[in-house]
Amino acid sequence: MTWQTTTTGKDGGNTPITIGNAHTGFSALHGFKTEYGSGLFNGLGDRLGATVVIHADKPWDVLQHSYGRAPVMAIEANDLSPAQLDEWAKSVPDDVTIVGVGGGTAMDVAKWVHWRRQLPLVQVPTLASVDACFTRMSALRDQNKVRYEGDAVPDVVLVDYAILQAAPSAFISAGIGDVLSCHTALADWRFAVSKGESHPWNDQAAGASLRFVDGLEKSASGIKDQSEEGIRSLMELHREIGWLCHDLQHARFEEGSEHFFAYAFEQVTGRTILHGELVSLGVLIMTAIFDNDYARVKRIITACGTRHGLDELGIKWEEIEATLKILQKFSIDGGYWYSYAHSRNFGEKEIEIARKALDF
Ligand SMILES: [Zn+2]
């Protein structure tokens with residue numbers, strides 16, 4: 001099937017371009033096709049024809065009025081269990097384009113339905129706080145554990161500056177979490193290799209991982225200001241990271257103890273906060289406890305304007321403490337990649353360091 005969309009610049013001009021596998025021959029080999037611009041979302045439903053929109057509720061409430069032709073079906077993505085995902089995949093009619101609109105959950109559900117049904121996929125991230133629009137697998141929640149499955153390559157990811165800039169600023173500044181995590185994850189990977197417990201070391205991936213953090217530091221002021229340049233830099237980092245994950249067939253350079261902290265927090269509290277902010281807290285805590293250049297990550301988080309105070313995040317210190325107390329067991333029992341979080345029981349001493357790391 002072929003289909004068309006247009007790019008719409010700030011001037012509202014419509015330059016038809018053809019996208020899609022059949023026309024461009026664009027394939028998985030070239031990375032995700034991504035378009036940047038302001039107003040790209042306006043009239044998308046008109047340009048795509050029959051669509052199924054898979055969305056997060058709040059952004060869609062606001063955005064549906066500018067979508068144009070209404071979707072034949074709209075699914076509120078609020079569940080990442082395999083059973084529910086497959087139920088949604090089955091419910092979707094043939095000959096539609098899947099459009100994901102929202103954050104990580106909406107992107108992941110859209111990827112799943114696209115993959116299961118082999119339907120075209122357009123992703124419209126409404127926040128920059130996760131890299132889910134640039135990764136091929138969906139992050140399922142399967143019996144309290146995060147598990148990756150699927151293989152989705154969208155026809156295009158539309159990064160609409162107007163949408164991202166209209167969202168609360170935290171939806172952009174939180175986006176650094178899945179880039180900054182390279183800092184801790186790389187140390188975890190190195191550590192795991194030294195213990196003979198991991199995917200083999202890869203110099204190129206390790207070098208790229210370092211460059212991603214450097215790139216983040218360089219883009220910090222633009223991210224804080226929510227400028228188009230800052231947003232684009234951040235999304236390009238996510239795009240490259242997503243692609244490297246696929247190349248390597250694992251994400252060891254980007255996911256380690258800081259993520260396991262985040263998952264343990266979700267288990268302990270039964271709730272979550274913006275993914276990138278939670279991961280950033282994990283980075284602060286892990287770098288402080290394991291003496292891994294805490295000062296640098298603190299500097300980057302501050303320069304990007306990323307929230308990290310417990311009060312502003314609505315987190316109680318007791319929740320952090322409870323998370324740390326179970327972290328080692330949680331990481332081991334969950335079968336997560338071997339990391340610093342596996343290596344030590346987090347007792348009074350570590351908890352005190354974490355308290356200072358979070359300025360609490
Ligand atoms: Zn993440």
# chains A, B, ... in the order shown; residues from 1 in each chain; ligands from 1
>>> residues_near_ligand(ligand="ligand 1", cutoff="7 Å", atoms="only C-alpha atoms and all ligand atoms", output="PyMOL selection string")
chain A and resi 130+177-178+255+259+275-276+279
>>> write_last_selection(atoms="C-alpha atoms", output="PDB file, in the first residue's frame")
ATOM      1  CA  VAL A 130      11.057   8.881  26.248  1.00  0.00           C
ATOM      2  CA  GLY A 177      16.711  10.716  31.057  1.00  0.00           C
ATOM      3  CA  ASP A 178      17.084   8.121  28.325  1.00  0.00           C
ATOM      4  CA  GLU A 255      19.928   0.848  30.133  1.00  0.00           C
ATOM      5  CA  HIS A 259      16.502   2.038  34.896  1.00  0.00           C
ATOM      6  CA  HIS A 275       9.998   8.260  32.880  1.00  0.00           C
ATOM      7  CA  GLY A 276      12.926  10.546  32.137  1.00  0.00           C
ATOM      8  CA  VAL A 279      15.563   7.691  35.341  1.00  0.00           C
TER       9      VAL A 279
END
>>> select_by_dssp(residues="range 54-118 of chain A", states="alpha helix (DSSP H)", output="ChimeraX atom specification")
/A:57-63,82-91,104-117
>>> closest_residue(among="A:Val62, A:Cys245, A:Ala110, A:Ala208", to="Ala167 in chain A", atoms="only C-alpha atoms")
A:Val62
>>> residues_around(residues="Ser198 in chain A", least_positions_apart="2", cutoff="10 Å", atoms="only C-alpha atoms", output="number ranges by chain")
A: 188-196, 200-201, 252, 337-339
>>> select_by_dssp(residues="range 95-205 of chain A", states="strand (DSSP E or B)", output="list in words")
Thr97, Ile98, Val99, Gly100, Val101, Gly102, Leu121, Val122, Gln123, Val124, Pro125, Ser138, Ala139, Leu140, Arg141, Asp142, Lys145, Val146, Arg147, Tyr148, Glu149, Val156, Val157, Leu158, Val159 and Asp160 of chain A
>>> closest_residue(among="A:Asn42, A:Thr105, A:Ser343, A:Ser219", to="Arg232 in chain A", atoms="only C-alpha atoms")
A:Ser219
>>> residues_around(residues="Glu258 in chain A", least_positions_apart="3", cutoff="10 Å", atoms="only C-alpha atoms", output="ChimeraX atom specification")
/A:177-178,180-185,188,254-255,261-264,278-287,339-341
>>> write_last_selection(atoms="N, CA and C atoms", output="PDB file, in the first residue's frame")
ATOM      1  N   GLY A 177      16.490  11.910  30.244  1.00  0.00           N
ATOM      2  CA  GLY A 177      16.711  10.716  31.057  1.00  0.00           C
ATOM      3  C   GLY A 177      17.272   9.545  30.276  1.00  0.00           C
ATOM      4  N   ASP A 178      16.661   9.275  29.120  1.00  0.00           N
ATOM      5  CA  ASP A 178      17.084   8.121  28.325  1.00  0.00           C
ATOM      6  C   ASP A 178      18.346   8.388  27.509  1.00  0.00           C
ATOM      7  N   LEU A 180      20.921  10.522  29.249  1.00  0.00           N
ATOM      8  CA  LEU A 180      21.829  10.568  30.393  1.00  0.00           C
ATOM      9  C   LEU A 180      22.077   9.168  30.971  1.00  0.00           C
ATOM     10  N   SER A 181      21.105   8.304  30.784  1.00  0.00           N
ATOM     11  CA  SER A 181      21.249   6.934  31.289  1.00  0.00           C
ATOM     12  C   SER A 181      22.449   6.230  30.654  1.00  0.00           C
ATOM     13  N   CYS A 182      22.905   6.732  29.494  1.00  0.00           N
ATOM     14  CA  CYS A 182      24.107   6.157  28.875  1.00  0.00           C
ATOM     15  C   CYS A 182      25.293   6.239  29.840  1.00  0.00           C
ATOM     16  N   HIS A 183      25.321   7.304  30.624  1.00  0.00           N
ATOM     17  CA  HIS A 183      26.449   7.525  31.530  1.00  0.00           C
ATOM     18  C   HIS A 183      26.569   6.383  32.543  1.00  0.00           C
ATOM     19  N   THR A 184      25.461   6.042  33.176  1.00  0.00           N
ATOM     20  CA  THR A 184      25.492   4.965  34.175  1.00  0.00           C
ATOM     21  C   THR A 184      25.470   3.595  33.518  1.00  0.00           C
ATOM     22  N   ALA A 185      24.689   3.458  32.453  1.00  0.00           N
ATOM     23  CA  ALA A 185      24.558   2.144  31.826  1.00  0.00           C
ATOM     24  C   ALA A 185      25.897   1.663  31.274  1.00  0.00           C
ATOM     25  N   ASP A 188      27.831   0.306  34.033  1.00  0.00           N
ATOM     26  CA  ASP A 188      27.274  -1.000  34.412  1.00  0.00           C
ATOM     27  C   ASP A 188      27.728  -2.091  33.444  1.00  0.00           C
ATOM     28  N   GLU A 254      22.748   1.867  27.191  1.00  0.00           N
ATOM     29  CA  GLU A 254      21.754   2.909  27.526  1.00  0.00           C
ATOM     30  C   GLU A 254      20.875   2.536  28.717  1.00  0.00           C
ATOM     31  N   GLU A 255      20.823   1.270  29.049  1.00  0.00           N
ATOM     32  CA  GLU A 255      19.928   0.848  30.133  1.00  0.00           C
ATOM     33  C   GLU A 255      20.675   0.014  31.155  1.00  0.00           C
ATOM     34  N   PHE A 261      16.498   0.951  38.976  1.00  0.00           N
ATOM     35  CA  PHE A 261      15.992   1.787  40.070  1.00  0.00           C
ATOM     36  C   PHE A 261      14.569   2.269  39.737  1.00  0.00           C
ATOM     37  N   ALA A 262      14.401   2.749  38.511  1.00  0.00           N
ATOM     38  CA  ALA A 262      13.082   3.273  38.106  1.00  0.00           C
ATOM     39  C   ALA A 262      12.014   2.172  38.158  1.00  0.00           C
ATOM     40  N   TYR A 263      12.361   0.989  37.666  1.00  0.00           N
ATOM     41  CA  TYR A 263      11.379  -0.102  37.677  1.00  0.00           C
ATOM     42  C   TYR A 263      11.068  -0.541  39.117  1.00  0.00           C
ATOM     43  N   ALA A 264      12.105  -0.547  39.960  1.00  0.00           N
ATOM     44  CA  ALA A 264      11.891  -0.929  41.367  1.00  0.00           C
ATOM     45  C   ALA A 264      10.998   0.101  42.056  1.00  0.00           C
ATOM     46  N   LEU A 278      12.317  10.097  36.446  1.00  0.00           N
ATOM     47  CA  LEU A 278      12.602   8.977  37.348  1.00  0.00           C
ATOM     48  C   LEU A 278      13.979   8.376  37.035  1.00  0.00           C
ATOM     49  N   VAL A 279      14.255   8.226  35.751  1.00  0.00           N
ATOM     50  CA  VAL A 279      15.563   7.691  35.341  1.00  0.00           C
ATOM     51  C   VAL A 279      16.682   8.660  35.753  1.00  0.00           C
ATOM     52  N   SER A 280      16.428   9.957  35.626  1.00  0.00           N
ATOM     53  CA  SER A 280      17.440  10.939  36.033  1.00  0.00           C
ATOM     54  C   SER A 280      17.753  10.831  37.526  1.00  0.00           C
ATOM     55  N   LEU A 281      16.726  10.593  38.325  1.00  0.00           N
ATOM     56  CA  LEU A 281      16.971  10.369  39.756  1.00  0.00           C
ATOM     57  C   LEU A 281      17.852   9.136  39.945  1.00  0.00           C
ATOM     58  N   GLY A 282      17.558   8.103  39.174  1.00  0.00           N
ATOM     59  CA  GLY A 282      18.370   6.885  39.248  1.00  0.00           C
ATOM     60  C   GLY A 282      19.825   7.170  38.886  1.00  0.00           C
ATOM     61  N   VAL A 283      20.029   8.017  37.871  1.00  0.00           N
ATOM     62  CA  VAL A 283      21.400   8.366  37.464  1.00  0.00           C
ATOM     63  C   VAL A 283      22.107   9.108  38.594  1.00  0.00           C
ATOM     64  N   LEU A 284      21.421  10.073  39.195  1.00  0.00           N
ATOM     65  CA  LEU A 284      22.032  10.834  40.302  1.00  0.00           C
ATOM     66  C   LEU A 284      22.432   9.889  41.437  1.00  0.00           C
ATOM     67  N   ILE A 285      21.523   9.007  41.811  1.00  0.00           N
ATOM     68  CA  ILE A 285      21.774   8.126  42.953  1.00  0.00           C
ATOM     69  C   ILE A 285      22.906   7.134  42.650  1.00  0.00           C
ATOM     70  N   MET A 286      22.854   6.529  41.479  1.00  0.00           N
ATOM     71  CA  MET A 286      23.862   5.503  41.156  1.00  0.00           C
ATOM     72  C   MET A 286      25.258   6.109  40.987  1.00  0.00           C
ATOM     73  N   THR A 287      25.325   7.296  40.375  1.00  0.00           N
ATOM     74  CA  THR A 287      26.654   7.905  40.216  1.00  0.00           C
ATOM     75  C   THR A 287      27.229   8.306  41.571  1.00  0.00           C
ATOM     76  N   SER A 339      24.481  -5.558  36.867  1.00  0.00           N
ATOM     77  CA  SER A 339      24.845  -4.142  36.990  1.00  0.00           C
ATOM     78  C   SER A 339      25.329  -3.883  38.408  1.00  0.00           C
ATOM     79  N   TYR A 340      25.738  -2.645  38.636  1.00  0.00           N
ATOM     80  CA  TYR A 340      26.121  -2.267  39.999  1.00  0.00           C
ATOM     81  C   TYR A 340      24.968  -2.484  40.980  1.00  0.00           C
ATOM     82  N   ALA A 341      23.750  -2.340  40.488  1.00  0.00           N
ATOM     83  CA  ALA A 341      22.598  -2.529  41.388  1.00  0.00           C
ATOM     84  C   ALA A 341      22.518  -3.961  41.908  1.00  0.00           C
TER      85      ALA A 341
END
>>> residues_around(residues="Gln118 in chain A", least_positions_apart="2", cutoff="12 Å", atoms="only C-alpha atoms", output="JSON, numbers by chain")
{"A": [1, 21, 89, 90, 92, 93, 94, 95, 96, 97, 98, 110, 111, 112, 113, 114, 115, 116, 120, 121, 150, 151, 152, 153, 154, 155]}
>>> closest_residue(among="A:Val297, A:Ala56, A:Ile289, A:Ala251", to="Phe346 in chain A", atoms="only C-alpha atoms")
A:Ile289
>>> closest_residue(among="A:Gln84, A:Thr51, A:Thr302, A:Ser138", to="Met107 in chain A", atoms="only C-alpha atoms")
A:Ser138
>>> decode(residues="range 80-100 of chain A", atoms="N, CA and C atoms", output="short mmCIF file (atom, residue, chain, number, x, y, z; two decimals), in the first residue's frame")
data_model
loop_
_atom_site.label_atom_id
_atom_site.label_comp_id
_atom_site.auth_asym_id
_atom_site.auth_seq_id
_atom_site.Cartn_x
_atom_site.Cartn_y
_atom_site.Cartn_z
N LEU A 80 -0.09 -2.06 28.91
CA LEU A 80 0.99 -2.67 28.11
C LEU A 80 1.10 -4.16 28.39
N SER A 81 0.02 -4.76 28.86
CA SER A 81 0.07 -6.21 29.06
C SER A 81 -0.09 -6.90 27.70
N PRO A 82 0.62 -8.00 27.48
CA PRO A 82 0.56 -8.67 26.18
C PRO A 82 -0.87 -9.03 25.77
N ALA A 83 -1.68 -9.46 26.72
CA ALA A 83 -3.05 -9.88 26.37
C ALA A 83 -3.86 -8.70 25.82
N GLN A 84 -3.76 -7.56 26.50
CA GLN A 84 -4.51 -6.39 26.04
C GLN A 84 -3.98 -5.89 24.69
N LEU A 85 -2.66 -5.92 24.54
CA LEU A 85 -2.07 -5.46 23.28
C LEU A 85 -2.59 -6.29 22.11
N ASP A 86 -2.65 -7.60 22.30
CA ASP A 86 -3.12 -8.45 21.21
C ASP A 86 -4.61 -8.26 20.95
N GLU A 87 -5.34 -7.98 22.02
CA GLU A 87 -6.77 -7.71 21.83
C GLU A 87 -6.95 -6.46 20.97
N TRP A 88 -6.18 -5.43 21.26
CA TRP A 88 -6.26 -4.22 20.44
C TRP A 88 -5.84 -4.51 19.00
N ALA A 89 -4.76 -5.28 18.85
CA ALA A 89 -4.29 -5.57 17.49
C ALA A 89 -5.37 -6.27 16.67
N LYS A 90 -6.09 -7.17 17.31
CA LYS A 90 -7.15 -7.91 16.61
C LYS A 90 -8.32 -7.01 16.25
N SER A 91 -8.57 -6.00 17.06
CA SER A 91 -9.76 -5.17 16.88
C SER A 91 -9.65 -4.16 15.73
N VAL A 92 -8.44 -3.98 15.23
CA VAL A 92 -8.21 -2.94 14.24
C VAL A 92 -8.59 -3.44 12.83
N PRO A 93 -9.32 -2.62 12.06
CA PRO A 93 -9.69 -3.07 10.70
C PRO A 93 -8.48 -3.11 9.77
N ASP A 94 -8.68 -3.73 8.61
CA ASP A 94 -7.62 -3.76 7.58
C ASP A 94 -7.54 -2.40 6.88
N ASP A 95 -6.49 -2.22 6.11
CA ASP A 95 -6.36 -1.04 5.24
C ASP A 95 -6.47 0.29 5.99
N VAL A 96 -5.84 0.37 7.12
CA VAL A 96 -5.77 1.66 7.82
C VAL A 96 -4.30 1.94 8.11
N THR A 97 -4.02 3.20 8.37
CA THR A 97 -2.71 3.58 8.88
C THR A 97 -2.83 3.76 10.39
N ILE A 98 -1.89 3.17 11.10
CA ILE A 98 -1.86 3.34 12.56
C ILE A 98 -1.13 4.64 12.87
N VAL A 99 -1.74 5.46 13.71
CA VAL A 99 -1.10 6.72 14.11
C VAL A 99 -0.98 6.74 15.64
N GLY A 100 0.24 6.76 16.10
CA GLY A 100 0.47 6.86 17.54
C GLY A 100 0.60 8.32 17.94
#
